[in-house]
$ cat start_10.pdb   # PDB, C-alpha atoms
ATOM      1  CA  SER A 369     -17.379   8.262 -14.403
ATOM      2  CA  ASP A 370     -16.038   7.438 -17.857
ATOM      3  CA  LYS A 371     -17.338   8.802 -21.127
ATOM      4  CA  VAL A 372     -20.340   6.958 -22.611
ATOM      5  CA  THR A 373     -20.415   6.108 -26.300
ATOM      6  CA  LEU A 374     -23.491   4.929 -28.209
ATOM      7  CA  THR A 375     -22.571   3.473 -31.605
ATOM      8  CA  SER A 376     -25.049   3.156 -34.460
ATOM      9  CA  THR A 377     -25.160   0.574 -37.239
ATOM     10  CA  VAL A 378     -27.439   0.845 -40.291
ATOM     11  CA  ALA A 379     -28.168  -2.682 -41.508
ATOM     12  CA  SER A 380     -29.589  -1.646 -44.906
ATOM     13  CA  SER A 381     -30.965   1.298 -46.870
ATOM     14  CA  LEU A 382     -33.190   1.272 -49.968
ATOM     15  CA  HIS A 383     -31.410   4.298 -51.382
ATOM     16  CA  SER A 384     -27.738   5.082 -51.684
ATOM     17  CA  GLY A 385     -26.368   8.426 -50.582
ATOM     18  CA  ALA A 386     -25.737  10.265 -47.362
ATOM     19  CA  LEU A 387     -27.647   9.380 -44.211
ATOM     20  CA  ARG A 388     -28.738  11.885 -41.592
ATOM     21  CA  TYR A 389     -28.411  10.931 -37.912
ATOM     22  CA  THR A 390     -30.510  12.547 -35.184
ATOM     23  CA  TRP A 391     -29.997  11.655 -31.528
ATOM     24  CA  GLU A 392     -32.529  12.492 -28.787
ATOM     25  CA  CYS A 393     -32.797  11.823 -25.069
ATOM     26  CA  ILE A 394     -36.474  10.913 -24.826
ATOM     27  CA  SER A 395     -36.316  10.417 -21.053
ATOM     28  CA  LYS A 396     -35.827  14.227 -20.908
ATOM     29  CA  ASN A 397     -33.129  14.097 -18.216
ATOM     30  CA  LEU A 398     -30.258  15.092 -20.527
ATOM     31  CA  ASN A 399     -30.197  18.097 -22.837
ATOM     32  CA  ILE A 400     -28.387  16.788 -25.918
ATOM     33  CA  SER A 401     -28.552  20.177 -27.599
ATOM     34  CA  ASP A 402     -26.099  21.396 -24.924
ATOM     35  CA  ARG A 403     -22.850  20.714 -26.779
ATOM     36  CA  SER A 404     -20.796  21.180 -23.587
ATOM     37  CA  ARG A 405     -22.039  17.747 -22.464
ATOM     38  CA  LEU A 406     -20.957  15.939 -25.636
ATOM     39  CA  ARG A 407     -17.650  15.081 -27.265
ATOM     40  CA  ILE A 408     -19.089  15.331 -30.792
ATOM     41  CA  SER A 409     -22.175  16.755 -32.467
ATOM     42  CA  PRO A 410     -25.535  15.058 -31.739
ATOM     43  CA  ASP A 411     -26.079  14.642 -35.484
ATOM     44  CA  SER A 412     -23.031  12.374 -35.799
ATOM     45  CA  HIS A 413     -22.939   8.644 -36.517
ATOM     46  CA  ASP A 414     -22.217   8.000 -32.802
ATOM     47  CA  LEU A 415     -23.234   9.768 -29.613
ATOM     48  CA  VAL A 416     -20.348  10.413 -27.196
ATOM     49  CA  ILE A 417     -21.243  11.826 -23.781
ATOM     50  CA  LYS A 418     -18.486  13.387 -21.698
ATOM     51  CA  PRO A 419     -17.397  11.879 -18.351
ATOM     52  CA  ARG A 420     -19.354  12.853 -15.214
ATOM     53  CA  VAL A 421     -22.385  14.064 -17.176
ATOM     54  CA  LEU A 422     -24.753  11.174 -16.481
ATOM     55  CA  VAL A 423     -25.934  11.172 -12.875
ATOM     56  CA  GLY A 424     -25.670   8.094 -10.682
ATOM     57  CA  GLY A 425     -29.038   6.463 -10.008
ATOM     58  CA  GLY A 426     -30.572   7.844 -13.194
ATOM     59  CA  THR A 427     -31.958   5.986 -16.205
ATOM     60  CA  TYR A 428     -31.481   7.570 -19.621
ATOM     61  CA  VAL A 429     -33.402   6.566 -22.760
ATOM     62  CA  PHE A 430     -31.926   7.594 -26.096
ATOM     63  CA  ARG A 431     -33.521   7.454 -29.551
ATOM     64  CA  LEU A 432     -31.668   7.549 -32.841
ATOM     65  CA  THR A 433     -33.430   8.414 -36.088
ATOM     66  CA  VAL A 434     -31.598   7.720 -39.342
ATOM     67  CA  THR A 435     -32.998   9.348 -42.503
ATOM     68  CA  ASP A 436     -31.900   8.793 -46.103
ATOM     69  CA  THR A 437     -31.949  11.290 -48.944
ATOM     70  CA  HIS A 438     -35.450  10.174 -50.078
ATOM     71  CA  GLY A 439     -37.062  10.662 -46.680
ATOM     72  CA  GLY A 440     -36.996   7.024 -45.656
ATOM     73  CA  PHE A 441     -36.110   6.619 -42.008
ATOM     74  CA  GLY A 442     -35.639   4.121 -39.225
ATOM     75  CA  THR A 443     -35.447   4.492 -35.447
ATOM     76  CA  ALA A 444     -33.860   2.661 -32.515
ATOM     77  CA  THR A 445     -33.951   3.263 -28.763
ATOM     78  CA  TYR A 446     -31.451   2.364 -26.075
ATOM     79  CA  SER A 447     -31.724   2.639 -22.279
ATOM     80  CA  ILE A 448     -28.818   3.173 -19.881
ATOM     81  CA  SER A 449     -29.031   2.881 -16.075
ATOM     82  CA  ILE A 450     -26.217   4.598 -14.166
ATOM     83  CA  ASN A 451     -24.903   3.036 -10.982
ATOM     84  CA  SER A 452     -25.074   5.268  -7.908
ATOM     85  CA  VAL A 453     -22.508   5.397  -5.121
ATOM     86  CA  PRO A 454     -23.321   4.165  -1.597
ATOM     87  CA  ALA A 455     -25.201   6.851   0.341
ATOM     88  CA  LEU A 456     -26.818   8.001   3.590
ATOM     89  CA  GLY A 457     -24.290   6.428   5.981
ATOM     90  CA  GLN A 458     -21.478   7.632   8.175
ATOM     91  CA  CYS A 459     -18.180   6.334   9.571
ATOM     92  CA  TYR A 460     -16.914   6.541  13.140
ATOM     93  CA  ALA A 461     -14.225   5.563  15.653
ATOM     94  CA  SER A 462     -14.954   4.031  19.049
ATOM     95  CA  PRO A 463     -13.525   5.216  21.337
ATOM     96  CA  ASP A 464     -12.875   8.570  19.694
ATOM     97  CA  SER A 465      -9.653   9.161  21.660
ATOM     98  CA  GLY A 466      -6.863   7.040  23.056
ATOM     99  CA  ILE A 467      -3.140   6.332  23.250
ATOM    100  CA  ALA A 468      -0.947   5.421  20.301
ATOM    101  CA  LEU A 469      -0.055   1.735  19.853
ATOM    102  CA  SER A 470      -2.072   0.859  22.967
ATOM    103  CA  THR A 471      -5.770   1.716  22.634
ATOM    104  CA  VAL A 472      -7.728  -0.605  20.345
ATOM    105  CA  PHE A 473     -10.000   1.535  18.179
ATOM    106  CA  ARG A 474     -13.009   0.184  16.328
ATOM    107  CA  LEU A 475     -13.244   1.957  12.973
ATOM    108  CA  GLY A 476     -16.682   1.406  11.523
ATOM    109  CA  CYS A 477     -19.247   2.441   8.941
ATOM    110  CA  THR A 478     -22.983   2.304   9.510
ATOM    111  CA  ASN A 479     -26.287   2.855   7.669
ATOM    112  CA  TRP A 480     -24.787   2.895   4.157
ATOM    113  CA  GLU A 481     -27.324   2.022   1.454
ATOM    114  CA  ASP A 482     -26.851   0.802  -2.105
ATOM    115  CA  ASP A 483     -28.831  -1.424  -4.472
ATOM    116  CA  ASN A 484     -25.731  -3.327  -5.553
ATOM    117  CA  THR A 485     -24.590  -5.407  -2.614
ATOM    118  CA  PRO A 486     -22.531  -6.707  -0.955
ATOM    119  CA  LEU A 487     -20.732  -3.569   0.149
ATOM    120  CA  SER A 488     -17.064  -3.625   1.062
ATOM    121  CA  PHE A 489     -15.267  -1.364   3.520
ATOM    122  CA  SER A 490     -11.664  -0.216   3.892
ATOM    123  CA  PHE A 491      -9.951   2.306   6.154
ATOM    124  CA  TYR A 492      -7.010   4.683   5.752
ATOM    125  CA  ALA A 493      -5.067   7.021   8.067
ATOM    126  CA  ARG A 494      -3.828  10.426   6.958
ATOM    127  CA  ARG A 495      -0.052  10.601   7.015
ATOM    128  CA  GLY A 496      -0.032  14.217   8.158
ATOM    129  CA  ALA A 497      -1.899  16.004  10.919
ATOM    130  CA  ALA A 498      -5.672  16.331  10.637
ATOM    131  CA  GLY A 499      -6.807  18.848   8.060
ATOM    132  CA  ASP A 500      -3.408  19.331   6.387
ATOM    133  CA  GLY A 501      -4.673  18.345   2.938
ATOM    134  CA  GLY A 502      -3.813  15.396   0.723
ATOM    135  CA  GLN A 503      -5.692  13.023  -1.525
ATOM    136  CA  LEU A 504      -6.432   9.342  -1.057
ATOM    137  CA  ALA A 505      -3.619   8.257  -3.366
ATOM    138  CA  THR A 506      -0.909  10.321  -1.657
ATOM    139  CA  GLY A 507      -2.177  11.684   1.660
ATOM    140  CA  PHE A 508      -3.503   8.485   3.262
ATOM    141  CA  ALA A 509      -1.928   5.137   4.109
ATOM    142  CA  PRO A 510      -4.047   1.950   4.263
ATOM    143  CA  LEU A 511      -5.055   0.497   7.620
ATOM    144  CA  SER A 512      -7.156  -2.344   6.205
ATOM    145  CA  SER A 513      -7.818  -3.940   2.862
ATOM    146  CA  ALA A 514     -11.348  -4.022   1.430
ATOM    147  CA  ARG A 515     -13.582  -6.417   3.350
ATOM    148  CA  HIS A 516     -17.282  -7.072   3.736
ATOM    149  CA  MET A 517     -17.258  -6.494   7.509
ATOM    150  CA  SER A 518     -18.302  -2.909   8.177
ATOM    151  CA  TYR A 519     -15.790  -2.394  10.994
ATOM    152  CA  TYR A 520     -12.107  -2.945  11.708
ATOM    153  CA  ASP A 521     -10.386  -3.121  15.098
ATOM    154  CA  THR A 522      -6.853  -1.720  15.201
ATOM    155  CA  ILE A 523      -4.278   0.195  17.158
ATOM    156  CA  LEU A 524      -3.232   3.542  15.683
ATOM    157  CA  PRO A 525      -0.026   5.546  15.509
ATOM    158  CA  ALA A 526       0.221   8.925  17.190
ATOM    159  CA  ALA A 527      -1.185  11.800  15.177
ATOM    160  CA  PRO A 528       1.769  13.356  13.288
ATOM    161  CA  THR A 529       2.746  16.692  14.809
ATOM    162  CA  SER A 530       5.866  18.724  15.387
ATOM    163  CA  ASN A 531       5.261  18.606  19.145
ATOM    164  CA  SER A 532       5.557  15.094  20.564
ATOM    165  CA  SER A 533       3.668  16.064  23.742
ATOM    166  CA  PHE A 534       0.594  17.207  21.800
ATOM    167  CA  ASN A 535      -2.396  14.860  21.889
ATOM    168  CA  GLY A 536      -3.340  15.624  18.333
ATOM    169  CA  SER A 537      -6.121  14.650  15.963
ATOM    170  CA  MET A 538      -5.790  12.178  13.120
ATOM    171  CA  ASP A 539      -8.021  11.997  10.052
ATOM    172  CA  ILE A 540      -9.329   8.523   9.231
ATOM    173  CA  LEU A 541     -10.929   7.841   5.865
ATOM    174  CA  GLY A 542     -13.540   5.135   5.433
ATOM    175  CA  GLU A 543     -14.137   3.992   1.867
ATOM    176  CA  ILE A 544     -17.354   2.177   0.975
ATOM    177  CA  ALA A 545     -17.640   0.332  -2.336
ATOM    178  CA  ASP A 546     -20.618  -1.422  -3.914
ATOM    179  CA  ALA A 547     -20.503  -4.667  -5.883
ATOM    180  CA  PHE A 548     -19.689  -2.799  -9.122
ATOM    181  CA  GLY A 549     -16.910  -0.693  -7.609
ATOM    182  CA  ALA A 550     -18.743   2.628  -7.148
ATOM    183  CA  THR A 551     -17.187   4.227  -4.077
ATOM    184  CA  MET A 552     -17.930   6.874  -1.482
ATOM    185  CA  GLN A 553     -15.515   8.185   1.163
ATOM    186  CA  ASP A 554     -16.190   9.613   4.591
ATOM    187  CA  ILE A 555     -13.472  11.305   6.682
ATOM    188  CA  PHE A 556     -13.750  11.343  10.464
ATOM    189  CA  THR A 557     -11.362  12.350  13.233
ATOM    190  CA  VAL A 558      -9.873  10.485  16.174
ATOM    191  CA  ARG A 559      -7.581  11.898  18.859
ATOM    192  CA  VAL A 560      -4.472   9.761  19.323
ATOM    193  CA  GLY A 561      -2.031  10.829  22.032
ATOM    194  CA  TYR A 562       1.612   9.900  22.373
ATOM    195  CA  PRO A 563       2.412   7.184  24.930
ATOM    196  CA  SER A 564       4.250   8.251  28.092
ATOM    197  CA  GLU A 565       7.396   6.487  26.873
ATOM    198  CA  PRO A 566       8.801   7.607  23.500
ATOM    199  CA  LEU A 567       8.920   5.097  20.689
ATOM    200  CA  LYS A 568      12.258   3.329  20.390
ATOM    201  CA  ILE A 569      12.870   3.352  16.667
ATOM    202  CA  THR A 570      15.253   0.401  16.537
ATOM    203  CA  SER A 571      12.843  -1.802  18.494
ATOM    204  CA  ALA A 572       9.950  -0.635  16.322
ATOM    205  CA  LEU A 573      11.830  -1.505  13.149
ATOM    206  CA  ARG A 574      12.533  -5.010  14.444
ATOM    207  CA  GLU A 575       8.840  -5.435  15.256
ATOM    208  CA  ILE A 576       7.855  -4.178  11.794
ATOM    209  CA  GLU A 577      10.162  -6.718  10.168
ATOM    210  CA  GLU A 578       8.678  -9.503  12.286
ATOM    211  CA  THR A 579       5.113  -8.545  11.377
ATOM    212  CA  LEU A 580       6.056  -8.358   7.696
ATOM    213  CA  ARG A 581       7.642 -11.797   7.771
ATOM    214  CA  ASN A 582       4.467 -13.091   9.441
ATOM    215  CA  PHE A 583       2.605 -11.309   6.647
ATOM    216  CA  ASP A 584       0.581  -9.161   9.049
ATOM    217  CA  VAL A 585       0.710  -6.255   6.610
ATOM    218  CA  GLN A 586      -1.965  -4.169   8.338
ATOM    219  CA  VAL A 587      -0.212  -4.129  11.737
ATOM    220  CA  ALA A 588       3.098  -3.430   9.987
ATOM    221  CA  GLY A 589       1.460  -0.443   8.302
ATOM    222  CA  VAL A 590       0.357   1.020  11.640
ATOM    223  CA  LEU A 591       3.839   0.572  13.125
ATOM    224  CA  ILE A 592       5.395   2.212  10.074
ATOM    225  CA  LEU A 593       3.089   5.206  10.420
ATOM    226  CA  ALA A 594       4.062   5.438  14.096
ATOM    227  CA  THR A 595       7.738   5.316  13.148
ATOM    228  CA  SER A 596       7.216   8.020  10.530
ATOM    229  CA  ALA A 597       5.429  10.257  13.054
ATOM    230  CA  GLU A 598       8.230   9.804  15.589
ATOM    231  CA  LEU A 599      10.933  10.569  13.046
ATOM    232  CA  SER A 600       9.087  13.713  11.933
ATOM    233  CA  ALA A 601       8.549  14.891  15.513
ATOM    234  CA  SER A 602      12.160  14.162  16.457
ATOM    235  CA  ALA A 603      13.571  15.966  13.437
ATOM    236  CA  SER A 604      11.345  18.983  14.103
ATOM    237  CA  ASN A 605      12.284  19.101  17.787
ATOM    238  CA  GLU A 606      15.965  18.909  16.861
ATOM    239  CA  GLY A 607      15.533  21.761  14.422
ATOM    240  CA  ASN A 608      13.832  23.898  17.074
ATOM    241  CA  SER A 609      16.338  23.159  19.834
ATOM    242  CA  GLY A 610      19.534  22.788  17.797
ATOM    243  CA  ASN A 611      20.279  19.748  19.931
ATOM    244  CA  SER A 612      21.104  16.448  18.206
ATOM    245  CA  SER A 613      21.001  14.267  21.321
ATOM    246  CA  SER A 614      18.457  11.446  21.389
ATOM    247  CA  GLY A 615      17.080  11.647  24.878
ATOM    248  CA  GLY A 616      14.651   9.014  26.149
ATOM    249  CA  GLY A 617      15.958   6.301  23.814
ATOM    250  CA  SER A 618      14.122   7.712  20.798
ATOM    251  CA  HIS A 619      15.912   7.886  17.453
ATOM    252  CA  HIS A 620      15.985  11.412  16.082
ATOM    253  CA  GLY A 621      15.653  10.730  12.368
ATOM    254  CA  ASP A 622      17.188  12.850   9.681
ATOM    255  CA  ASN A 623      15.657  13.710   6.322
ATOM    256  CA  ASN A 624      17.152  10.574   4.772
ATOM    257  CA  SER A 625      15.454   8.284   7.300
ATOM    258  CA  SER A 626      12.154  10.109   6.878
ATOM    259  CA  ALA A 627      12.385   9.668   3.103
ATOM    260  CA  ILE A 628      13.074   5.948   3.517
ATOM    261  CA  VAL A 629      10.068   5.606   5.832
ATOM    262  CA  SER A 630       7.944   7.318   3.186
ATOM    263  CA  ASP A 631       9.165   4.749   0.639
ATOM    264  CA  LEU A 632       8.422   2.048   3.180
ATOM    265  CA  ILE A 633       4.825   3.226   3.554
ATOM    266  CA  GLU A 634       4.421   3.101  -0.229
ATOM    267  CA  SER A 635       5.820  -0.426  -0.474
ATOM    268  CA  VAL A 636       3.622  -1.766   2.315
ATOM    269  CA  ALA A 637       0.583  -0.062   0.765
ATOM    270  CA  THR A 638       1.419  -1.920  -2.446
ATOM    271  CA  LEU A 639       1.724  -5.189  -0.535
ATOM    272  CA  SER A 640      -1.628  -4.590   1.131
ATOM    273  CA  ALA A 641      -3.341  -4.276  -2.249
ATOM    274  CA  LYS A 642      -1.877  -7.482  -3.670
ATOM    275  CA  ALA A 643      -3.078 -11.040  -3.413
ATOM    276  CA  SER A 644      -1.295 -12.769  -0.532
ATOM    277  CA  GLU A 645       0.643 -15.234  -2.684
ATOM    278  CA  THR A 646       1.948 -12.408  -4.896
ATOM    279  CA  ALA A 647       2.781 -10.158  -1.956
ATOM    280  CA  ARG A 648       4.837 -12.866  -0.257
ATOM    281  CA  ASP A 649       7.136 -12.875  -3.278
ATOM    282  CA  THR A 650       7.804  -9.125  -2.934
ATOM    283  CA  ILE A 651       8.009  -8.774   0.837
ATOM    284  CA  GLU A 652      11.788  -8.365   0.741
ATOM    285  CA  THR A 653      11.427  -4.829  -0.663
ATOM    286  CA  PRO A 654      10.119  -3.215   2.551
ATOM    287  CA  ILE A 655      12.470  -5.374   4.637
ATOM    288  CA  LEU A 656      15.463  -4.012   2.708
ATOM    289  CA  LEU A 657      14.167  -0.489   3.380
ATOM    290  CA  LEU A 658      13.922  -1.362   7.068
ATOM    291  CA  LYS A 659      17.565  -2.394   7.104
ATOM    292  CA  GLU A 660      18.532   0.965   5.602
ATOM    293  CA  ILE A 661      16.810   2.795   8.473
ATOM    294  CA  THR A 662      18.259   0.410  11.064
ATOM    295  CA  ALA A 663      21.728   1.276   9.827
ATOM    296  CA  ASP A 664      20.993   4.923  10.679
ATOM    297  CA  ALA A 665      19.400   4.132  14.044
TER     298      ALA A 665
END
$ encode --input "start_10.pdb" --output "structure tokens"
Amino acid sequence: SDKVTLTSTVASSLHSGALRYTWECISKNLNISDRSRLRISPDSHDLVIKPRVLVGGGTYVFRLTVTDTHGGFGTATYSISINSVPALGQCYASPDSGIALSTVFRLGCTNWEDDNTPLSFSFYARRGAAGDGGQLATGFAPLSSARHMSYYDTILPAAPTSNSSFNGSMDILGEIADAFGATMQDIFTVRVGYPSEPLKITSALREIEETLRNFDVQVAGVLILATSAELSASASNEGNSGNSSSGGGSHHGDNNSSAIVSDLIESVATLSAKASETARDTIETPILLLKEITADA
């Protein structure tokens, strides 16, 4: 949470001279004498509480006493209620295992509670293999935009791994937001195996371009993740075998192609977050990236 600032104003005083300010938390759920929780002294004109000090779901009542040099004083109280994040629920995938780009998974969230409704739900897939680290901003790519439905049906790319025959695990992140934007995340795992036939990169790129031009950004995002996983697996297999042939019709991407796919994921994530009319104006950016990869394929 952000810092909280309470600002005082003295309308009038019978006597000139310095005024003394004394802040108290009369609800007794914040120790103002603990200077580590404040930006400035509690005997200052304003009270500035550091970020992440006030606890979600709590109500804090503050009292300010202003005293002049002749002992005259005045008081004022102010109450602050802190929004809490959604709680008590969980997220899931059904089924919890399947085949990349074939099985339709239902990603859902259930039993989440919050006083500030309606809740909205969005889902993300980790770009790397399950448990390999990463934060929401950099380690996950969006599967769906925020929506009030608590579930989303989608195909998924294969879990990224250096071994294309490994039926690996993929981390999925569900994000739940209340009406005021307080969010909670829940990470769950789904096993996504490679299909029996390897992904043909050139065909996949053509399909991505078609879905982008139809403005189906979410499906395009899944296909891009699948392409990224295949390029990573192919490059790793080439490095292990020392063989640059592209058996099975799969494109064995080099570092340049992998970097372009990473840029492509970023651009589609940006599109996904925009209003549709704005995103349509910028859809040529990922399509130009696609053409760069196609030239290498």
$ residues_around --input "start_10.pdb" --residues "Asn451 of chain A" --least-positions-apart "4" --cutoff "8 Å" --atoms "only C-alpha atoms" --output "short mmCIF file (atom, residue, chain, number, x, y, z; two decimals) with C-alpha atoms, in the frame of the given file"
data_model
loop_
_atom_site.label_atom_id
_atom_site.label_comp_id
_atom_site.auth_asym_id
_atom_site.auth_seq_id
_atom_site.Cartn_x
_atom_site.Cartn_y
_atom_site.Cartn_z
CA GLY A 424 -25.67 8.09 -10.68
CA GLY A 425 -29.04 6.46 -10.01
CA GLY A 426 -30.57 7.84 -13.19
CA ALA A 550 -18.74 2.63 -7.15
#
$ resolve_selection --input "start_10.pdb" --expression "the PyMOL selection byres ((chain A and resi 427) around 8)" --output "list in words"
Ser395, Gly425, Gly426, Tyr428, Val429, Ser447, Ile448, Ser449 and Ile450 of chain A
$ closest_residue --input "start_10.pdb" --among "A:Ser376, A:Arg388, A:Arg405, A:Phe489" --to "Asp436 of chain A" --atoms "all atoms listed in the file"
A:Arg388
$ atom_distance --input "start_10.pdb" --atom1 "atom CA of Asp546 of chain A" --atom2 "atom CA of Ser513 of chain A"
14.7 Å
$ closest_residue --input "start_10.pdb" --among "A:Ala461, A:Ala379, A:Leu415, A:Ile467" --to "Tyr562 of chain A" --atoms "only C-alpha atoms"
A:Ile467
$ residues_around --input "start_10.pdb" --residues "Pro463 of chain A" --least-positions-apart "4" --cutoff "10 Å" --atoms "only C-alpha atoms" --output "ChimeraX atom specification"
/A:471-475,558-559
$ write_last_selection --input "start_10.pdb" --atoms "C-alpha atoms" --output "compact mmCIF listing (two decimals), in the frame of the given file"
# COMPACT_ATOMS: atom_id res chain seq x y z
CA THR A 471 -5.77 1.72 22.63
CA VAL A 472 -7.73 -0.60 20.34
CA PHE A 473 -10.00 1.54 18.18
CA ARG A 474 -13.01 0.18 16.33
CA LEU A 475 -13.24 1.96 12.97
CA VAL A 558 -9.87 10.48 16.17
CA ARG A 559 -7.58 11.90 18.86
